[in-house]
file coords13.txt (compact mmCIF, C-alpha atoms)
# COMPACT_ATOMS: atom_id res chain seq x y z
CA MET A 1 126.60 107.35 164.50
CA HIS A 2 123.82 107.09 167.07
CA VAL A 3 120.38 107.06 165.44
CA ILE A 4 117.06 107.38 167.23
CA VAL A 5 114.19 105.76 165.33
CA LEU A 6 110.78 107.11 166.31
CA GLY A 7 108.20 104.38 165.84
CA GLY A 8 108.10 100.65 166.56
CA GLY A 9 105.95 99.46 163.67
CA VAL A 10 107.26 97.45 160.75
CA LEU A 11 108.80 100.55 159.11
CA GLY A 12 110.63 101.57 162.29
CA VAL A 13 111.87 98.07 163.12
CA ALA A 14 112.97 97.36 159.55
CA SER A 15 114.81 100.69 159.47
CA ALA A 16 116.52 99.81 162.75
CA TRP A 17 117.63 96.48 161.24
CA TYR A 18 119.28 98.03 158.19
CA LEU A 19 120.81 100.89 160.18
CA ALA A 20 122.29 98.43 162.67
CA LYS A 21 123.60 96.29 159.79
CA ALA A 22 125.30 99.43 158.47
CA GLY A 23 127.17 99.74 161.77
CA HIS A 24 125.16 102.42 163.53
CA GLU A 25 124.10 102.52 167.17
CA VAL A 26 120.30 102.44 167.11
CA THR A 27 117.57 103.22 169.63
CA VAL A 28 113.89 102.64 168.81
CA ILE A 29 111.26 104.58 170.75
CA ASP A 30 107.55 103.73 170.84
CA ARG A 31 104.62 104.45 173.15
CA GLN A 32 103.28 100.88 173.13
CA ASP A 33 104.31 97.95 175.35
CA SER A 34 105.90 96.12 172.42
CA VAL A 35 106.49 96.51 168.70
CA ALA A 36 103.81 96.35 165.97
CA GLN A 37 100.87 97.21 168.22
CA GLU A 38 99.21 99.77 165.95
CA THR A 39 98.92 99.88 162.14
CA SER A 40 101.31 96.92 161.72
CA HIS A 41 99.29 94.70 164.05
CA ALA A 42 96.51 93.24 161.90
CA ASN A 43 96.79 94.55 158.35
CA ALA A 44 95.57 92.62 155.30
CA GLY A 45 98.80 90.58 155.08
CA MET A 46 99.51 91.36 151.42
CA ILE A 47 103.04 91.93 150.13
CA SER A 48 101.77 93.02 146.77
CA PRO A 49 104.09 95.05 144.53
CA GLY A 50 101.88 94.37 141.53
CA TYR A 51 98.88 95.84 143.33
CA SER A 52 100.68 99.11 144.04
CA THR A 53 98.08 101.48 142.67
CA PRO A 54 97.52 105.15 143.55
CA TRP A 55 94.24 106.09 145.11
CA ALA A 56 94.11 109.15 142.92
CA GLY A 57 93.43 108.43 139.27
CA PRO A 58 91.23 109.43 136.33
CA GLY A 59 87.56 109.03 137.22
CA VAL A 60 88.21 108.28 140.90
CA PRO A 61 86.08 111.16 142.29
CA LEU A 62 82.99 109.82 140.50
CA LYS A 63 83.87 106.24 141.49
CA ALA A 64 84.21 107.33 145.12
CA ILE A 65 80.69 108.74 145.08
CA GLY A 66 79.46 105.43 143.69
CA TRP A 67 81.36 103.47 146.34
CA MET A 68 79.80 105.54 149.12
CA LEU A 69 76.32 104.86 147.70
CA GLN A 70 76.82 101.07 147.73
CA ASP A 71 75.07 99.10 150.44
CA LEU A 72 78.44 97.62 151.38
CA ALA A 73 80.52 100.73 150.85
CA PRO A 74 84.28 100.21 150.37
CA PHE A 75 84.85 103.93 150.96
CA MET A 76 83.24 106.33 153.40
CA ILE A 77 83.70 109.88 154.65
CA ASN A 78 82.83 110.64 158.27
CA PHE A 79 81.64 114.19 157.77
CA LYS A 80 81.71 114.85 161.53
CA GLU A 81 85.52 114.55 161.41
CA LEU A 82 86.10 117.00 158.52
CA ASP A 83 88.54 119.77 159.44
CA PRO A 84 90.86 122.11 157.50
CA PHE A 85 93.70 119.54 157.38
CA THR A 86 91.34 116.86 156.02
CA LEU A 87 89.93 119.20 153.38
CA SER A 88 93.42 120.32 152.37
CA TRP A 89 94.57 116.71 151.99
CA MET A 90 91.49 115.80 149.94
CA THR A 91 92.09 118.79 147.65
CA LYS A 92 95.70 117.67 147.05
CA MET A 93 94.52 114.13 146.32
CA LEU A 94 91.94 115.38 143.81
CA ALA A 95 94.70 117.31 142.03
CA ASN A 96 96.36 113.93 141.33
CA CYS A 97 93.24 112.47 139.69
CA ASN A 98 94.53 112.67 136.14
CA THR A 99 96.27 110.26 133.78
CA ARG A 100 99.70 111.90 133.89
CA SER A 101 99.87 112.00 137.70
CA TYR A 102 98.45 108.49 137.98
CA GLN A 103 101.12 106.96 135.75
CA ARG A 104 103.94 108.91 137.43
CA ASN A 105 102.77 107.98 140.93
CA LYS A 106 102.20 104.31 140.06
CA GLY A 107 105.70 104.14 138.60
CA ARG A 108 107.20 105.54 141.81
CA MET A 109 105.17 103.16 143.96
CA LEU A 110 106.15 100.13 141.89
CA ARG A 111 109.80 101.16 142.03
CA ILE A 112 109.75 100.95 145.84
CA ALA A 113 107.46 97.92 146.05
CA GLU A 114 109.41 95.77 143.59
CA TYR A 115 112.65 96.65 145.38
CA SER A 116 111.04 95.78 148.70
CA ARG A 117 109.98 92.36 147.41
CA ASP A 118 113.62 91.72 146.44
CA CYS A 119 114.66 92.73 149.95
CA PHE A 120 112.25 90.16 151.41
CA VAL A 121 113.88 87.47 149.27
CA ASP A 122 117.34 88.52 150.49
CA LEU A 123 116.25 88.67 154.13
CA ARG A 124 114.79 85.15 154.03
CA LYS A 125 118.16 83.92 152.80
CA GLU A 126 119.86 85.60 155.75
CA LEU A 127 117.37 84.96 158.55
CA ASN A 128 115.06 82.12 159.40
CA ILE A 129 111.99 84.13 160.39
CA ASP A 130 108.60 82.45 160.75
CA TYR A 131 105.81 84.84 159.75
CA ASP A 132 103.36 82.55 157.90
CA SER A 133 104.91 83.64 154.61
CA ARG A 134 103.68 82.34 151.28
CA GLN A 135 105.02 83.17 147.83
CA GLN A 136 102.00 82.22 145.72
CA GLY A 137 100.94 85.54 144.23
CA THR A 138 97.86 87.76 144.45
CA LEU A 139 94.67 87.18 142.47
CA GLN A 140 92.50 90.21 141.77
CA VAL A 141 88.96 89.07 140.87
CA PHE A 142 86.23 90.97 139.07
CA ARG A 143 82.47 90.68 139.31
CA LYS A 144 81.75 92.89 136.26
CA GLU A 145 83.06 92.97 132.68
CA LYS A 146 83.51 96.75 132.96
CA GLN A 147 86.12 96.23 135.68
CA ILE A 148 88.20 94.12 133.29
CA LYS A 149 87.90 96.82 130.63
CA ASP A 150 88.95 99.53 133.10
CA LEU A 151 91.98 97.44 134.06
CA GLN A 152 93.77 98.06 130.78
CA LYS A 153 95.55 101.24 131.96
CA ASP A 154 97.00 99.33 134.92
CA ILE A 155 98.12 96.48 132.69
CA LYS A 156 99.92 98.95 130.43
CA VAL A 157 101.89 100.34 133.40
CA LEU A 158 102.74 96.79 134.52
CA GLN A 159 103.95 96.00 131.01
CA ASP A 160 106.00 99.20 130.77
CA LEU A 161 107.72 98.40 134.08
CA GLY A 162 108.22 94.72 133.34
CA VAL A 163 106.00 93.47 136.20
CA GLU A 164 104.92 89.86 135.63
CA HIS A 165 101.14 89.46 135.40
CA GLN A 166 98.50 87.10 133.97
CA SER A 167 94.99 87.95 132.73
CA LEU A 168 92.75 84.99 133.55
CA ASP A 169 89.26 83.73 132.80
CA MET A 170 87.43 81.93 135.60
CA ASP A 171 88.97 78.56 134.71
CA GLY A 172 92.36 80.17 135.20
CA CYS A 173 91.30 81.74 138.50
CA VAL A 174 90.07 78.41 139.82
CA GLU A 175 93.33 76.75 138.79
CA PHE A 176 95.25 78.97 141.21
CA GLU A 177 92.50 79.27 143.84
CA PRO A 178 90.52 75.98 143.78
CA ALA A 179 88.10 77.12 146.50
CA LEU A 180 86.65 79.69 144.07
CA ALA A 181 85.09 76.81 142.11
CA GLN A 182 82.02 76.88 144.37
CA VAL A 183 81.38 80.58 143.63
CA ARG A 184 82.72 80.88 140.07
CA HIS A 185 79.34 82.11 138.78
CA LYS A 186 79.77 85.31 140.80
CA PHE A 187 82.92 86.42 138.95
CA VAL A 188 83.94 87.06 135.34
CA GLY A 189 87.73 86.85 135.49
CA GLY A 190 90.87 87.95 137.25
CA LEU A 191 94.37 89.36 137.14
CA ARG A 192 97.12 87.33 138.79
CA LEU A 193 100.33 88.87 140.05
CA PRO A 194 102.61 85.85 140.59
CA GLY A 195 105.43 87.84 142.18
CA ASP A 196 103.33 88.90 145.16
CA GLU A 197 103.59 87.35 148.62
CA THR A 198 101.67 87.12 151.88
CA GLY A 199 102.59 87.06 155.54
CA ASP A 200 101.68 88.14 159.05
CA CYS A 201 103.20 91.60 159.53
CA PHE A 202 102.87 91.41 163.31
CA LYS A 203 104.75 88.10 163.57
CA PHE A 204 107.41 89.38 161.17
CA THR A 205 107.97 92.64 163.05
CA CYS A 206 108.25 90.90 166.42
CA ALA A 207 110.73 88.37 165.02
CA LEU A 208 112.81 91.04 163.27
CA ALA A 209 112.91 93.10 166.49
CA LYS A 210 114.55 90.14 168.23
CA GLU A 211 117.14 89.97 165.45
CA CYS A 212 117.70 93.71 165.88
CA GLU A 213 118.39 93.20 169.58
CA LYS A 214 121.09 90.67 168.67
CA LEU A 215 122.79 93.51 166.74
CA GLY A 216 122.58 95.79 169.79
CA VAL A 217 119.47 97.80 168.96
CA ASN A 218 117.90 99.25 172.09
CA PHE A 219 114.09 99.33 172.28
CA LEU A 220 112.57 101.95 174.60
CA MET A 221 108.92 100.93 174.84
CA LYS A 222 106.15 102.59 176.88
CA THR A 223 107.78 105.89 175.99
CA GLU A 224 105.67 108.82 174.82
CA ILE A 225 107.24 111.03 172.15
CA GLN A 226 106.43 114.66 172.91
CA GLN A 227 108.50 116.81 170.56
CA LEU A 228 111.70 117.19 168.59
CA ASN A 229 114.19 119.80 169.76
CA GLU A 230 116.13 121.92 167.27
CA HIS A 231 119.26 124.05 167.78
CA ASN A 232 121.37 125.87 165.20
CA GLY A 233 119.68 124.17 162.27
CA LYS A 234 119.95 120.60 163.60
CA ILE A 235 117.76 118.28 165.62
CA VAL A 236 119.60 117.76 168.90
CA SER A 237 117.16 115.63 170.89
CA VAL A 238 113.68 114.27 171.28
CA GLN A 239 111.61 115.10 174.36
CA THR A 240 109.92 111.99 175.75
CA SER A 241 108.14 110.78 178.86
CA ARG A 242 111.56 109.43 179.94
CA GLY A 243 113.16 112.84 179.51
CA MET A 244 115.27 114.36 176.76
CA LEU A 245 117.12 111.84 174.56
CA ALA A 246 119.96 112.99 172.32
CA ALA A 247 121.42 111.39 169.19
CA ASP A 248 123.38 112.22 166.05
CA SER A 249 120.48 111.55 163.67
CA PHE A 250 116.73 110.98 163.93
CA LEU A 251 114.33 108.97 161.80
CA VAL A 252 110.58 109.58 162.01
CA ALA A 253 108.63 106.39 161.23
CA LEU A 254 105.47 107.10 163.19
CA GLY A 255 102.94 106.43 160.47
CA SER A 256 99.96 108.76 160.69
CA TYR A 257 101.36 110.29 163.88
CA SER A 258 104.48 111.53 162.08
CA VAL A 259 102.51 114.69 161.29
CA GLN A 260 102.23 115.88 164.89
CA THR A 261 105.87 115.14 165.72
CA LEU A 262 107.17 116.95 162.65
CA ASN A 263 104.92 119.93 163.35
CA THR A 264 107.00 120.60 166.50
CA VAL A 265 109.92 121.65 164.29
CA GLY A 266 107.91 123.38 161.59
CA ILE A 267 107.79 120.57 159.02
CA LYS A 268 104.43 120.02 157.34
CA ILE A 269 103.79 116.78 155.48
CA PRO A 270 100.51 115.83 153.75
CA VAL A 271 100.02 112.48 155.47
CA TYR A 272 96.45 111.60 156.43
CA PRO A 273 95.20 108.73 158.65
CA ILE A 274 92.96 106.57 156.44
CA LYS A 275 91.05 104.23 158.69
CA GLY A 276 90.86 100.56 157.72
CA TYR A 277 89.39 97.42 159.25
CA SER A 278 90.24 93.74 159.34
CA LEU A 279 88.97 90.42 160.60
CA THR A 280 91.13 87.47 161.63
CA LEU A 281 89.40 84.10 161.56
CA PRO A 282 90.47 80.48 162.19
CA ILE A 283 90.21 78.11 159.21
CA GLU A 284 87.48 75.51 159.71
CA ASP A 285 87.66 73.74 156.31
CA GLU A 286 90.96 73.75 154.38
CA SER A 287 89.30 72.75 151.10
CA LYS A 288 87.14 75.88 151.12
CA ALA A 289 89.89 78.31 152.14
CA PRO A 290 92.11 80.48 149.91
CA MET A 291 95.67 79.47 149.07
CA SER A 292 97.12 83.00 148.98
CA THR A 293 95.57 86.50 148.64
CA ILE A 294 92.43 87.28 146.68
CA MET A 295 91.39 90.89 146.16
CA ASP A 296 87.70 91.51 145.49
CA GLU A 297 87.84 94.55 143.21
CA THR A 298 84.17 95.43 143.71
CA TYR A 299 84.38 95.78 147.49
CA LYS A 300 88.12 96.56 147.73
CA ILE A 301 88.51 93.75 150.27
CA ALA A 302 91.53 91.42 150.47
CA VAL A 303 91.21 87.87 151.77
CA THR A 304 94.62 86.51 152.76
CA ARG A 305 95.68 83.04 153.85
CA PHE A 306 97.98 82.60 156.82
CA GLU A 307 98.95 79.13 158.04
CA ASP A 308 95.79 78.30 160.01
CA ARG A 309 93.98 81.63 159.79
CA ILE A 310 92.34 83.93 157.28
CA ARG A 311 92.88 87.69 157.42
CA VAL A 312 90.24 89.82 155.72
CA GLY A 313 91.16 93.47 155.35
CA GLY A 314 89.97 96.54 153.58
CA THR A 315 87.53 99.44 153.45
CA ALA A 316 88.70 103.02 153.71
CA GLU A 317 87.24 105.67 155.94
CA ILE A 318 88.16 109.33 156.15
CA ALA A 319 87.60 109.88 159.86
CA SER A 320 90.72 111.72 161.11
CA TYR A 321 92.26 109.95 164.14
CA ASN A 322 89.01 108.33 165.27
CA MET A 323 89.89 104.77 166.40
CA GLU A 324 86.37 103.65 167.30
CA LEU A 325 85.45 100.16 166.05
CA ASN A 326 82.47 100.92 163.81
CA GLU A 327 80.30 97.80 163.53
CA LYS A 328 78.59 99.20 160.42
CA ARG A 329 81.94 99.24 158.62
CA ARG A 330 82.39 95.56 159.45
CA ALA A 331 79.50 94.53 157.20
CA SER A 332 81.41 94.55 153.89
CA VAL A 333 84.37 92.68 155.40
CA ASP A 334 82.02 90.03 156.82
CA PHE A 335 80.16 89.76 153.53
CA VAL A 336 83.17 89.25 151.25
CA VAL A 337 84.78 86.39 153.18
CA GLN A 338 81.45 84.56 153.49
CA ASP A 339 80.43 85.26 149.89
CA MET A 340 83.77 84.26 148.38
CA PHE A 341 84.75 81.37 150.66
CA PRO A 342 81.56 79.98 152.22
CA GLY A 343 82.24 77.31 154.81
CA ALA A 344 85.94 78.09 155.11
CA THR A 345 85.63 79.69 158.51
CA ASP A 346 83.24 80.66 161.28
CA ILE A 347 82.44 84.37 161.20
CA ASN A 348 81.39 84.23 164.86
CA LYS A 349 85.01 83.54 165.86
CA ALA A 350 86.39 86.60 164.08
CA GLU A 351 88.65 89.15 165.77
CA PHE A 352 87.65 92.65 164.63
CA TRP A 353 90.38 95.32 164.39
CA THR A 354 90.94 98.83 163.08
CA GLY A 355 94.09 100.79 162.22
CA LEU A 356 95.16 104.05 160.61
CA ARG A 357 97.06 103.93 157.30
CA PRO A 358 99.30 106.98 156.73
CA MET A 359 98.32 108.10 153.22
CA THR A 360 99.85 110.80 151.03
CA PRO A 361 97.77 112.56 148.32
CA ASP A 362 99.77 110.79 145.59
CA SER A 363 99.96 107.43 147.46
CA THR A 364 103.78 107.45 147.30
CA PRO A 365 105.56 107.33 150.69
CA ILE A 366 107.83 110.11 151.90
CA LEU A 367 111.37 108.79 152.23
CA GLY A 368 114.69 110.44 152.97
CA GLY A 369 115.90 113.80 154.16
CA THR A 370 114.32 117.03 155.36
CA LYS A 371 115.45 120.63 155.75
CA PHE A 372 117.44 119.43 158.77
CA ASP A 373 120.59 117.54 157.79
CA ASN A 374 120.11 114.94 160.52
CA LEU A 375 116.35 114.40 160.37
CA PHE A 376 114.91 111.76 158.03
CA LEU A 377 111.48 110.35 157.16
CA ASN A 378 110.03 106.91 156.46
CA THR A 379 106.27 107.41 156.43
CA GLY A 380 103.19 107.89 154.24
CA HIS A 381 102.85 104.34 152.83
CA GLY A 382 99.06 104.22 153.01
CA THR A 383 97.74 100.69 152.53
CA LEU A 384 101.13 99.42 151.33
CA GLY A 385 103.33 99.80 154.42
CA TRP A 386 103.84 96.04 154.70
CA THR A 387 104.47 95.71 150.96
CA MET A 388 107.02 98.54 150.87
CA SER A 389 108.50 98.04 154.33
CA LEU A 390 111.90 96.47 153.69
CA GLY A 391 112.62 98.42 150.52
CA SER A 392 111.74 101.73 152.15
CA ALA A 393 113.80 100.91 155.23
CA LYS A 394 116.88 99.88 153.24
CA PHE A 395 116.57 102.94 151.01
CA VAL A 396 116.37 105.31 153.98
CA ALA A 397 119.19 103.53 155.82
CA ASP A 398 121.39 104.02 152.75
CA VAL A 399 120.46 107.71 152.56
CA MET A 400 121.25 108.19 156.26
CA SER A 401 124.53 106.30 155.88
CA LYS A 402 125.47 108.53 152.90
CA ARG A 403 125.64 105.50 150.61
CA ALA A 404 124.37 105.25 147.04
CA THR A 405 120.79 103.97 147.01
CA GLU A 406 119.94 100.87 145.00
CA ILE A 407 116.87 102.49 143.43
CA ASP A 408 116.38 105.90 141.85
CA PRO A 409 115.47 108.44 144.57
CA GLU A 410 113.56 110.68 142.13
CA GLY A 411 110.23 111.81 143.54
CA LEU A 412 110.47 109.90 146.82
CA SER A 413 111.33 112.70 149.28
CA MET A 414 109.10 115.45 150.68
CA ALA A 415 110.76 117.84 148.20
CA ARG A 416 108.19 116.78 145.58
CA TYR A 417 105.56 118.76 147.48
CA TYR A 418 107.61 121.92 147.74
CA GLY A 419 109.89 121.87 144.67

call {"tool": "encode", "arguments": {"input": "coords13.txt", "output": "structure tokens"}}
result
Amino acid sequence: MHVIVLGGGVLGVASAWYLAKAGHEVTVIDRQDSVAQETSHANAGMISPGYSTPWAGPGVPLKAIGWMLQDLAPFMINFKELDPFTLSWMTKMLANCNTRSYQRNKGRMLRIAEYSRDCFVDLRKELNIDYDSRQQGTLQVFRKEKQIKDLQKDIKVLQDLGVEHQSLDMDGCVEFEPALAQVRHKFVGGLRLPGDETGDCFKFTCALAKECEKLGVNFLMKTEIQQLNEHNGKIVSVQTSRGMLAADSFLVALGSYSVQTLNTVGIKIPVYPIKGYSLTLPIEDESKAPMSTIMDETYKIAVTRFEDRIRVGGTAEIASYNMELNEKRRASVDFVVQDMFPGATDINKAEFWTGLRPMTPDSTPILGGTKFDNLFLNTGHGTLGWTMSLGSAKFVADVMSKRATEIDPEGLSMARYYG
């Protein structure tokens, strides 16, 4: 079977890998010069199944108002960019802000994320890929006692699903992240997720693309995707800047831009581009740098250690497809890395970046089939595309290959929005 994969980010490349391993002929199409040039390029670097938490939950609307009122706001709405699609998406997200939906959605997310972590373990056994990977866990740190109290509902879900976790006082936090010793007075405790990992998504995607080429995958870069073409209830081709390209099956893995492509054949998915920012900085003093990933719960900022660099990522902005680098949004990212790890790096050497995370109202990605028998989706991962990448790709490749999936498919397809 010839499969065309639309999208050259980590989800598209990982899907191409598993499809090629299943024996299919695969072509990847992307508008950029090379793979991983958009959302996969400079994300926070966390592979964090244990931190798979829905945006929508009890009390979140009030919390969001509070976040926007903070001096260093972790969440912001650009009211100039509000349109009917944005308002519709926000309404759907608000409908998920209840305990029942939260627990259901978190369970679905963890199902994919835990499976994906297992896939990373298997892939490292098969391939020798250098992507600055570390398997030292994630440490979520809290500045207020109330945050620890509010954490109990998440801990219950982790317990119910058997996800390893450790509640720590500050002595325990410093044991795993010694550099926090110099700022321990600013925090009251933490939650460690020892099964989490870190790594450079860009390096990984580029390396995996080379492995894909060894299996015969063809990458058509600098190719604009214009529309899908349907005939007699099937997708027959994709119209591109190189002309019309035909295949037996098609996989849409275009992140936030999946929406426009699917609209050309009448498929509507509630995926919204949540804008995020990151800094990448060289390490100046090893003793003052993090060992793995630390998530500052107050500012929703992750500080992740690569080999000789620190990646600081976070903030969320509802701003449609606006890709402007907003210097005001940089303030909280700058603050957290300097406040948490003073002296570890030089903020003046930081590379500032922005990307669009494809978010669904329930924070669960959309995986699997559509109303067309030969059109499939791998999109909507929000802030967890890197975390869920391999598991999502393997799951979708199994669905497309008509093989039994290794995890329960319940609630993972777009049918959950229309059933």

call {"tool": "closest_residue", "arguments": {"input": "coords13.txt", "among": "A:Arg403, A:Arg330, A:Lys268, A:Arg305", "to": "Trp89 of chain A", "atoms": "all atoms listed in the file"}}
result
A:Lys268

call {"tool": "closest_residue", "arguments": {"input": "coords13.txt", "among": "A:Lys234, A:Arg311, A:Lys80, A:Lys371", "to": "Ile347 of chain A", "atoms": "only C-alpha atoms"}}
result
A:Arg311

call {"tool": "closest_atom_pairs", "arguments": {"input": "coords13.txt", "of": "segment 102-217 of chain A", "to": "segment 277-294 of chain A", "cutoff": "10 Å", "atoms": "all atoms listed in the file", "output": "CSV"}}
result
residue,atom,partner,partner_atom,distance
A:Ser133,CA,A:Ser292,CA,9.6
A:Arg134,CA,A:Ser292,CA,7.0
A:Gln135,CA,A:Ser292,CA,8.0
A:Gln136,CA,A:Ser292,CA,5.9
A:Gly137,CA,A:Ser292,CA,6.6
A:Thr138,CA,A:Thr293,CA,4.9
A:Leu139,CA,A:Ile294,CA,4.8
A:Gln140,CA,A:Ile294,CA,5.7
A:Val141,CA,A:Ile294,CA,7.0
A:Cys173,CA,A:Ile294,CA,9.9
A:Phe176,CA,A:Met291,CA,7.9
A:Glu177,CA,A:Met291,CA,6.1
A:Pro178,CA,A:Pro290,CA,7.8
A:Ala179,CA,A:Lys288,CA,4.9
A:Leu180,CA,A:Lys288,CA,8.0
A:Ala181,CA,A:Lys288,CA,9.3
A:Gln182,CA,A:Lys288,CA,8.5
A:Gly190,CA,A:Ile294,CA,9.6
A:Leu191,CA,A:Ile294,CA,10.0
A:Arg192,CA,A:Ile294,CA,9.2
A:Asp196,CA,A:Thr293,CA,8.8
A:Glu197,CA,A:Ser292,CA,7.8
A:Thr198,CA,A:Ser292,CA,6.8
A:Gly199,CA,A:Ser292,CA,9.5

call {"tool": "write_last_selection", "arguments": {"input": "coords13.txt", "atoms": "C-alpha atoms", "output": "mmCIF file, keeping the file's coordinate frame"}}
result
data_model
loop_
_atom_site.group_PDB
_atom_site.id
_atom_site.type_symbol
_atom_site.label_atom_id
_atom_site.label_comp_id
_atom_site.auth_asym_id
_atom_site.auth_seq_id
_atom_site.Cartn_x
_atom_site.Cartn_y
_atom_site.Cartn_z
ATOM 1 C CA SER A 133 104.910 83.640 154.610
ATOM 2 C CA ARG A 134 103.680 82.340 151.280
ATOM 3 C CA GLN A 135 105.020 83.170 147.830
ATOM 4 C CA GLN A 136 102.000 82.220 145.720
ATOM 5 C CA GLY A 137 100.940 85.540 144.230
ATOM 6 C CA THR A 138 97.860 87.760 144.450
ATOM 7 C CA LEU A 139 94.670 87.180 142.470
ATOM 8 C CA GLN A 140 92.500 90.210 141.770
ATOM 9 C CA VAL A 141 88.960 89.070 140.870
ATOM 10 C CA CYS A 173 91.300 81.740 138.500
ATOM 11 C CA PHE A 176 95.250 78.970 141.210
ATOM 12 C CA GLU A 177 92.500 79.270 143.840
ATOM 13 C CA PRO A 178 90.520 75.980 143.780
ATOM 14 C CA ALA A 179 88.100 77.120 146.500
ATOM 15 C CA LEU A 180 86.650 79.690 144.070
ATOM 16 C CA ALA A 181 85.090 76.810 142.110
ATOM 17 C CA GLN A 182 82.020 76.880 144.370
ATOM 18 C CA GLY A 190 90.870 87.950 137.250
ATOM 19 C CA LEU A 191 94.370 89.360 137.140
ATOM 20 C CA ARG A 192 97.120 87.330 138.790
ATOM 21 C CA ASP A 196 103.330 88.900 145.160
ATOM 22 C CA GLU A 197 103.590 87.350 148.620
ATOM 23 C CA THR A 198 101.670 87.120 151.880
ATOM 24 C CA GLY A 199 102.590 87.060 155.540
#

call {"tool": "closest_residue", "arguments": {"input": "coords13.txt", "among": "A:Ile267, A:Phe250, A:Gln166, A:Gly276", "to": "Val396 of chain A", "atoms": "all atoms listed in the file"}}
result
A:Phe250

call {"tool": "atom_distance", "arguments": {"input": "coords13.txt", "atom1": "atom CA of Arg31 of chain A", "atom2": "atom CA of Gln226 of chain A"}}
result
10.4 Å

call {"tool": "atom_distance", "arguments": {"input": "coords13.txt", "atom1": "atom CA of Gly162 of chain A", "atom2": "atom CA of Leu11 of chain A"}}
result
26.4 Å

call {"tool": "closest_residue", "arguments": {"input": "coords13.txt", "among": "A:Phe79, A:Trp386, A:Tyr102, A:Tyr131", "to": "Gly255 of chain A", "atoms": "all atoms listed in the file"}}
result
A:Trp386

call {"tool": "residues_around", "arguments": {"input": "coords13.txt", "residues": "Lys402 of chain A", "least_positions_apart": "5", "cutoff": "12 Å", "atoms": "all atoms listed in the file", "output": "list in words"}}
result
Met1, Leu19, Ala22, Gly368, Gly369, Asp373, Asn374, Phe395, Val396 and Ala397 of chain A

call {"tool": "residues_near_point", "arguments": {"input": "coords13.txt", "point": "(94.1, 93.4, 149.5)", "cutoff": "9 Å", "atoms": "all atoms listed in the file", "output": "VMD selection string"}}
result
chain A and resid 44 to 46 48 51 138 140 293 to 297 300 to 304 312 to 314 383

call {"tool": "closest_residue", "arguments": {"input": "coords13.txt", "among": "A:Val336, A:Ala404, A:Ala209, A:Leu6", "to": "Thr298 of chain A", "atoms": "only C-alpha atoms"}}
result
A:Val336

call {"tool": "closest_residue", "arguments": {"input": "coords13.txt", "among": "A:Gln338, A:Cys201, A:Arg100, A:Ala246", "to": "Gly385 of chain A", "atoms": "all atoms listed in the file"}}
result
A:Cys201
